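Source file: structure28.cif; contents: mmCIF, C-alpha atoms.
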```
data_input
loop_
_atom_site.label_atom_id
_atom_site.label_comp_id
_atom_site.auth_asym_id
_atom_site.auth_seq_id
_atom_site.Cartn_x
_atom_site.Cartn_y
_atom_site.Cartn_z
CA MET A 946 84.53 82.49 83.84
CA GLN A 947 87.63 84.54 84.47
CA THR A 948 86.89 88.12 85.53
CA ASP A 949 90.32 89.45 86.46
CA TRP A 950 90.16 91.96 83.61
CA ILE A 951 87.12 93.57 85.25
CA TRP A 952 89.22 94.59 88.25
CA GLY A 953 91.78 96.14 85.91
CA LEU A 954 89.00 98.05 84.19
CA VAL A 955 87.54 99.22 87.50
CA GLY A 956 90.99 100.28 88.73
CA GLY A 957 91.68 102.16 85.51
CA LEU A 958 88.34 103.93 85.71
CA MET A 959 89.01 104.89 89.33
CA ILE A 960 92.47 106.27 88.50
CA GLY A 961 91.14 108.20 85.50
CA THR A 962 88.23 109.61 87.48
CA SER A 963 90.47 110.66 90.36
CA ALA A 964 92.86 112.33 87.90
CA ALA A 965 89.98 114.29 86.37
CA ILE A 966 88.64 115.32 89.79
CA PHE A 967 92.12 116.36 90.92
CA LEU A 968 92.63 118.44 87.77
CA LEU A 969 89.21 120.07 87.98
CA GLY A 970 89.47 120.68 91.73
CA ASN A 971 93.08 121.86 91.95
CA GLY A 972 93.94 122.93 88.42
CA ARG A 973 97.03 120.70 88.56
CA ILE A 974 98.05 117.36 87.07
CA MET A 975 97.73 114.36 89.38
CA GLY A 976 101.30 113.12 89.26
CA ALA A 977 102.00 111.00 92.34
CA SER A 978 105.76 111.59 92.21
CA GLY A 979 105.22 115.35 92.08
CA ILE A 980 102.78 115.21 94.98
CA ILE A 981 105.16 113.14 97.10
CA GLY A 982 108.21 115.07 95.90
CA GLY A 983 106.64 118.37 96.96
CA LEU A 984 106.37 117.05 100.51
CA VAL A 985 109.86 115.56 100.55
CA ASP A 986 111.72 118.58 99.16
CA ARG A 987 109.36 120.98 100.97
CA SER A 988 108.41 122.84 97.78
CA GLY A 989 104.75 121.90 98.23
CA LEU A 990 104.21 123.02 101.80
CA GLY A 991 101.71 125.65 100.64
CA ASP A 992 99.21 122.92 99.82
CA TRP A 993 100.49 120.20 102.12
CA ALA A 994 96.98 119.27 103.30
CA ASP A 995 95.88 118.43 99.74
CA ARG A 996 99.01 116.37 99.21
CA VAL A 997 98.63 114.44 102.46
CA ALA A 998 94.93 113.83 101.76
CA PHE A 999 95.82 112.43 98.33
CA LEU A 1000 98.44 110.11 99.80
CA ALA A 1001 96.09 109.00 102.58
CA ALA A 1002 93.45 108.16 99.98
CA LEU A 1003 96.00 105.97 98.18
CA VAL A 1004 96.13 103.83 101.31
CA VAL A 1005 92.56 104.09 102.62
CA VAL A 1006 90.54 103.51 99.43
CA PRO A 1007 92.08 100.09 98.61
CA ALA A 1008 91.47 99.06 102.22
CA LEU A 1009 87.82 100.07 101.85
CA MET A 1010 87.59 98.01 98.65
CA LEU A 1011 88.85 94.86 100.39
CA PRO A 1012 85.36 93.51 101.23
CA LEU A 1013 84.55 93.44 97.51
CA TYR A 1014 87.29 90.90 96.84
CA THR A 1015 85.71 87.48 97.08
CA VAL A 1016 88.62 85.54 95.59
CA GLU A 1017 92.32 85.45 96.34
CA VAL A 1018 94.20 88.08 94.34
CA SER A 1019 97.62 87.12 93.08
CA THR A 1020 100.11 89.97 92.79
CA ASN A 1021 103.04 87.83 91.60
CA ILE A 1022 105.47 89.98 93.59
CA THR A 1023 108.82 88.48 94.41
CA SER A 1024 109.73 87.52 97.97
CA ASN A 1025 113.25 88.88 97.40
CA LEU A 1026 113.21 92.03 99.56
CA GLY A 1027 116.49 93.33 98.11
CA LEU A 1028 115.03 93.15 94.63
CA VAL A 1029 111.90 95.00 95.74
CA ILE A 1030 114.02 97.76 97.34
CA ALA A 1031 116.27 98.02 94.27
CA GLY A 1032 113.21 98.22 92.04
CA GLY A 1033 111.72 100.97 94.17
CA LEU A 1034 114.94 102.96 94.06
CA LEU A 1035 115.20 102.56 90.29
CA VAL A 1036 111.59 103.70 89.84
CA GLY A 1037 112.31 106.72 92.05
CA ILE A 1038 115.40 107.62 90.04
CA GLY A 1039 113.47 107.15 86.80
CA THR A 1040 110.67 109.45 87.90
CA ARG A 1041 113.20 112.16 88.76
CA LEU A 1042 114.96 111.75 85.40
CA ALA A 1043 111.65 111.83 83.49
CA ASN A 1044 110.23 114.69 85.58
CA GLY A 1045 107.20 112.60 86.46
CA CYS A 1046 105.73 109.16 86.84
CA THR A 1047 103.22 106.99 85.07
CA SER A 1048 100.27 108.69 86.77
CA GLY A 1049 101.39 112.12 85.58
CA HIS A 1050 102.72 111.17 82.16
CA GLY A 1051 100.70 108.03 81.43
CA VAL A 1052 97.25 108.83 82.77
CA CYS A 1053 97.21 112.62 82.62
CA GLY A 1054 99.73 113.25 79.84
CA ILE A 1055 98.27 110.84 77.30
CA SER A 1056 94.71 111.99 78.03
CA ARG A 1057 95.81 115.57 77.26
CA PHE A 1058 97.64 114.42 74.09
CA SER A 1059 100.92 115.65 75.58
CA LEU A 1060 103.81 114.54 73.34
CA ARG A 1061 106.13 114.58 76.36
CA GLY A 1062 103.71 112.35 78.30
CA ILE A 1063 103.30 109.93 75.42
CA VAL A 1064 107.06 109.64 74.85
CA ALA A 1065 107.74 109.19 78.58
CA THR A 1066 105.08 106.47 78.84
CA VAL A 1067 106.48 104.59 75.84
CA PHE A 1068 109.93 104.62 77.43
CA TYR A 1069 108.52 103.52 80.83
CA LEU A 1070 106.87 100.54 79.17
CA LEU A 1071 109.96 99.67 77.13
CA ALA A 1072 112.22 99.91 80.20
CA GLY A 1073 109.84 97.70 82.20
CA GLY A 1074 109.69 95.10 79.42
CA ILE A 1075 113.46 95.07 79.01
CA ALA A 1076 113.93 94.77 82.77
CA MET A 1077 111.54 91.79 82.94
CA VAL A 1078 113.29 90.00 80.09
CA LEU A 1079 116.69 90.72 81.60
CA PHE A 1080 115.89 89.77 85.20
CA ARG A 1081 113.52 86.87 84.57
CA HIS A 1082 114.85 85.23 81.42
CA VAL A 1083 118.52 86.22 81.23
CA LEU A 1084 119.56 86.44 84.87
CA GLY A 1085 116.83 84.18 86.33
CA VAL A 1086 116.49 86.43 89.39
CA ILE A 1087 112.71 86.78 89.51
#
```
Can you give me the file's structure in the form of structure tokens?
Amino acid sequence: MQTDWIWGLVGGLMIGTSAAIFLLGNGRIMGASGIIGGLVDRSGLGDWADRVAFLAALVVVPALMLPLYTVEVSTNITSNLGLVIAGGLLVGIGTRLANGCTSGHGVCGISRFSLRGIVATVFYLLAGGIAMVLFRHVLGVI
């Protein structure tokens, strides 16, 4: 029986729970791009310890979950490093243009019924779908 969907459910529950804890504990939305951006542009130095702890948890918690994986997990990521770098840069530019990322708009915005968050998430999904069609089926890059 295929159980891949269970890991998606567990991951979604973990992200939602962490967003709720972050909001209740700090009184702020858990937007990863805002947390990272505050360290990069130095506007978040007042709470740098919280920001660094959040980012460290993004790395440490998946490593702690590794023993639970009993089967090989396929990520389907491309081996084309240039494409990965270009994708990362485009995501970074998109988060700056949208004033947030999918964790801020998608997880936290939709759960608060924020029209701005809902609209941003719809456009993120549309842009991702268009990019996949373009790169995979039209250009044959991926």
(request) Have a look at A:Gly956, A:Gly1049, A:Gly1033, A:Gly1085 and name the one nearest to Leu968 (chain A); count all atoms listed in the file. (result) A:Gly1049
(request) Name the residues captured by the PyMOL selection byres ((chain A and resi 1061) around 12) when it is applied to the shown file; answer as a ChimeraX atom specification. (result) /A:1043-1047,1049-1051,1053-1060,1062-1068
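A straight line drawn from CA of Pro1007 (chain A) to CA of Gly1027 (chain A) is 25.3 Å long.
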(message) Here is a test: counting only C-alpha atoms, which residue of A:Leu1028, A:Ala965, A:Val985, A:Met959 is nearest to Ala1002 (chain A)?
(response)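 Under the stated criterion, the closest residue is A:Met959.
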(message) Could you tell me how far CA of Gly1037 (chain A) sits from CA of Ala1072 (chain A), in Å to one decimal place?
(response) 13.7 Å
(message) Residue by residue, what does the PyMOL selection byres ((chain A and resi 981) around 12) grab here? Present the result as JSON, numbers by chain.
(response) {"A": [975, 976, 977, 978, 979, 980, 982, 983, 984, 985, 986, 987, 988, 989, 990, 992, 993, 994, 995, 996, 997, 998, 999, 1000, 1001, 1003, 1037, 1040, 1041, 1045, 1046]}
Residues from last step as file, C-alpha atoms, as a short mmCIF file (atom, residue, chain, number, x, y, z; two decimals), in the coordinates of the input:
```
data_model
loop_
_atom_site.label_atom_id
_atom_site.label_comp_id
_atom_site.auth_asym_id
_atom_site.auth_seq_id
_atom_site.Cartn_x
_atom_site.Cartn_y
_atom_site.Cartn_z
CA MET A 975 97.73 114.36 89.38
CA GLY A 976 101.30 113.12 89.26
CA ALA A 977 102.00 111.00 92.34
CA SER A 978 105.76 111.59 92.21
CA GLY A 979 105.22 115.35 92.08
CA ILE A 980 102.78 115.21 94.98
CA GLY A 982 108.21 115.07 95.90
CA GLY A 983 106.64 118.37 96.96
CA LEU A 984 106.37 117.05 100.51
CA VAL A 985 109.86 115.56 100.55
CA ASP A 986 111.72 118.58 99.16
CA ARG A 987 109.36 120.98 100.97
CA SER A 988 108.41 122.84 97.78
CA GLY A 989 104.75 121.90 98.23
CA LEU A 990 104.21 123.02 101.80
CA ASP A 992 99.21 122.92 99.82
CA TRP A 993 100.49 120.20 102.12
CA ALA A 994 96.98 119.27 103.30
CA ASP A 995 95.88 118.43 99.74
CA ARG A 996 99.01 116.37 99.21
CA VAL A 997 98.63 114.44 102.46
CA ALA A 998 94.93 113.83 101.76
CA PHE A 999 95.82 112.43 98.33
CA LEU A 1000 98.44 110.11 99.80
CA ALA A 1001 96.09 109.00 102.58
CA LEU A 1003 96.00 105.97 98.18
CA GLY A 1037 112.31 106.72 92.05
CA THR A 1040 110.67 109.45 87.90
CA ARG A 1041 113.20 112.16 88.76
CA GLY A 1045 107.20 112.60 86.46
CA CYS A 1046 105.73 109.16 86.84
#
```
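When all atoms listed in the file are used to measure the gap to Val1006 (chain A), the shortest distance among A:Ala1076, A:Ile960, A:Leu954, A:Leu1084 belongs to A:Ile960.
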(request) Considering only C-alpha atoms, state which residue in the set A:Thr1015, A:Asn1021, A:Ser1048, A:Gln947 is at the smallest distance from Ser963 (chain A). (result)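 Distance minimum relative to Ser963 (chain A) lands on A:Ser1048.
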(request) Would you please work out which residue, of A:Leu1042, A:Val1052, A:Val1083, A:Leu1011, is nearest to Gly961 (chain A) when using only C-alpha atoms? (result)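 Among the listed residues, the smallest separation from Gly961 (chain A) belongs to A:Val1052.
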(request) Provide the CA of Trp950 (chain A) to CA of Phe1080 (chain A) distance in Å, to one decimal place. (result)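 Computing the Euclidean distance for CA of Trp950 (chain A) and CA of Phe1080 (chain A) yields 25.9 Å.
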(message) Under the rule that all atoms listed in the file are counted, which of A:Ile951, A:Val1086, A:Met1077, A:Ala1031 is the nearest residue to Tyr1014 (chain A)?
(response)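 Closest candidate: A:Ile951.
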Is there a way to complete region 1026-1037 of chain A with all heavy atoms and then write that out as a compact mmCIF listing (two decimals), in the frame of the given file?
```txt
# COMPACT_ATOMS: atom_id res chain seq x y z
N LEU A 1026 113.34 90.67 99.07
CA LEU A 1026 113.21 92.03 99.56
C LEU A 1026 114.24 92.97 98.94
O LEU A 1026 113.93 94.13 98.63
CB LEU A 1026 113.31 92.05 101.09
CG LEU A 1026 113.06 93.40 101.76
CD1 LEU A 1026 111.67 93.92 101.42
CD2 LEU A 1026 113.24 93.29 103.25
N GLY A 1027 115.45 92.50 98.74
CA GLY A 1027 116.49 93.33 98.11
C GLY A 1027 116.10 93.76 96.71
O GLY A 1027 116.34 94.90 96.31
N LEU A 1028 115.48 92.84 95.98
CA LEU A 1028 115.03 93.15 94.63
C LEU A 1028 113.90 94.17 94.64
O LEU A 1028 113.85 95.07 93.81
CB LEU A 1028 114.58 91.86 93.93
CG LEU A 1028 114.41 91.92 92.44
CD1 LEU A 1028 115.70 92.31 91.74
CD2 LEU A 1028 113.94 90.57 91.92
N VAL A 1029 113.00 94.04 95.61
CA VAL A 1029 111.90 95.00 95.74
C VAL A 1029 112.44 96.39 96.06
O VAL A 1029 112.02 97.40 95.48
CB VAL A 1029 110.89 94.55 96.82
CG1 VAL A 1029 109.85 95.63 97.10
CG2 VAL A 1029 110.20 93.25 96.40
N ILE A 1030 113.42 96.47 96.98
CA ILE A 1030 114.02 97.76 97.34
C ILE A 1030 114.76 98.35 96.15
O ILE A 1030 114.62 99.54 95.84
CB ILE A 1030 114.95 97.60 98.55
CG1 ILE A 1030 114.11 97.28 99.80
CG2 ILE A 1030 115.80 98.85 98.78
CD1 ILE A 1030 114.93 96.87 101.02
N ALA A 1031 115.54 97.53 95.45
CA ALA A 1031 116.27 98.02 94.27
C ALA A 1031 115.30 98.51 93.20
O ALA A 1031 115.52 99.56 92.59
CB ALA A 1031 117.16 96.90 93.71
N GLY A 1032 114.22 97.79 93.01
CA GLY A 1032 113.21 98.22 92.04
C GLY A 1032 112.59 99.54 92.42
O GLY A 1032 112.39 100.42 91.58
N GLY A 1033 112.28 99.71 93.70
CA GLY A 1033 111.72 100.97 94.17
C GLY A 1033 112.67 102.14 93.97
O GLY A 1033 112.26 103.23 93.55
N LEU A 1034 113.94 101.91 94.26
CA LEU A 1034 114.94 102.96 94.06
C LEU A 1034 115.08 103.31 92.59
O LEU A 1034 115.19 104.49 92.22
CB LEU A 1034 116.29 102.54 94.64
CG LEU A 1034 116.36 102.48 96.17
CD1 LEU A 1034 117.67 101.86 96.63
CD2 LEU A 1034 116.20 103.87 96.76
N LEU A 1035 115.09 102.30 91.72
CA LEU A 1035 115.20 102.56 90.29
C LEU A 1035 113.98 103.31 89.75
O LEU A 1035 114.10 104.20 88.91
CB LEU A 1035 115.40 101.25 89.51
CG LEU A 1035 116.77 100.61 89.68
CD1 LEU A 1035 116.79 99.22 89.05
CD2 LEU A 1035 117.85 101.49 89.08
N VAL A 1036 112.80 102.97 90.25
CA VAL A 1036 111.59 103.70 89.84
C VAL A 1036 111.68 105.15 90.31
O VAL A 1036 111.36 106.08 89.57
CB VAL A 1036 110.32 103.01 90.39
CG1 VAL A 1036 109.11 103.91 90.26
CG2 VAL A 1036 110.08 101.69 89.67
N GLY A 1037 112.15 105.36 91.53
CA GLY A 1037 112.31 106.72 92.05
C GLY A 1037 113.29 107.53 91.23
O GLY A 1037 113.03 108.70 90.89
```
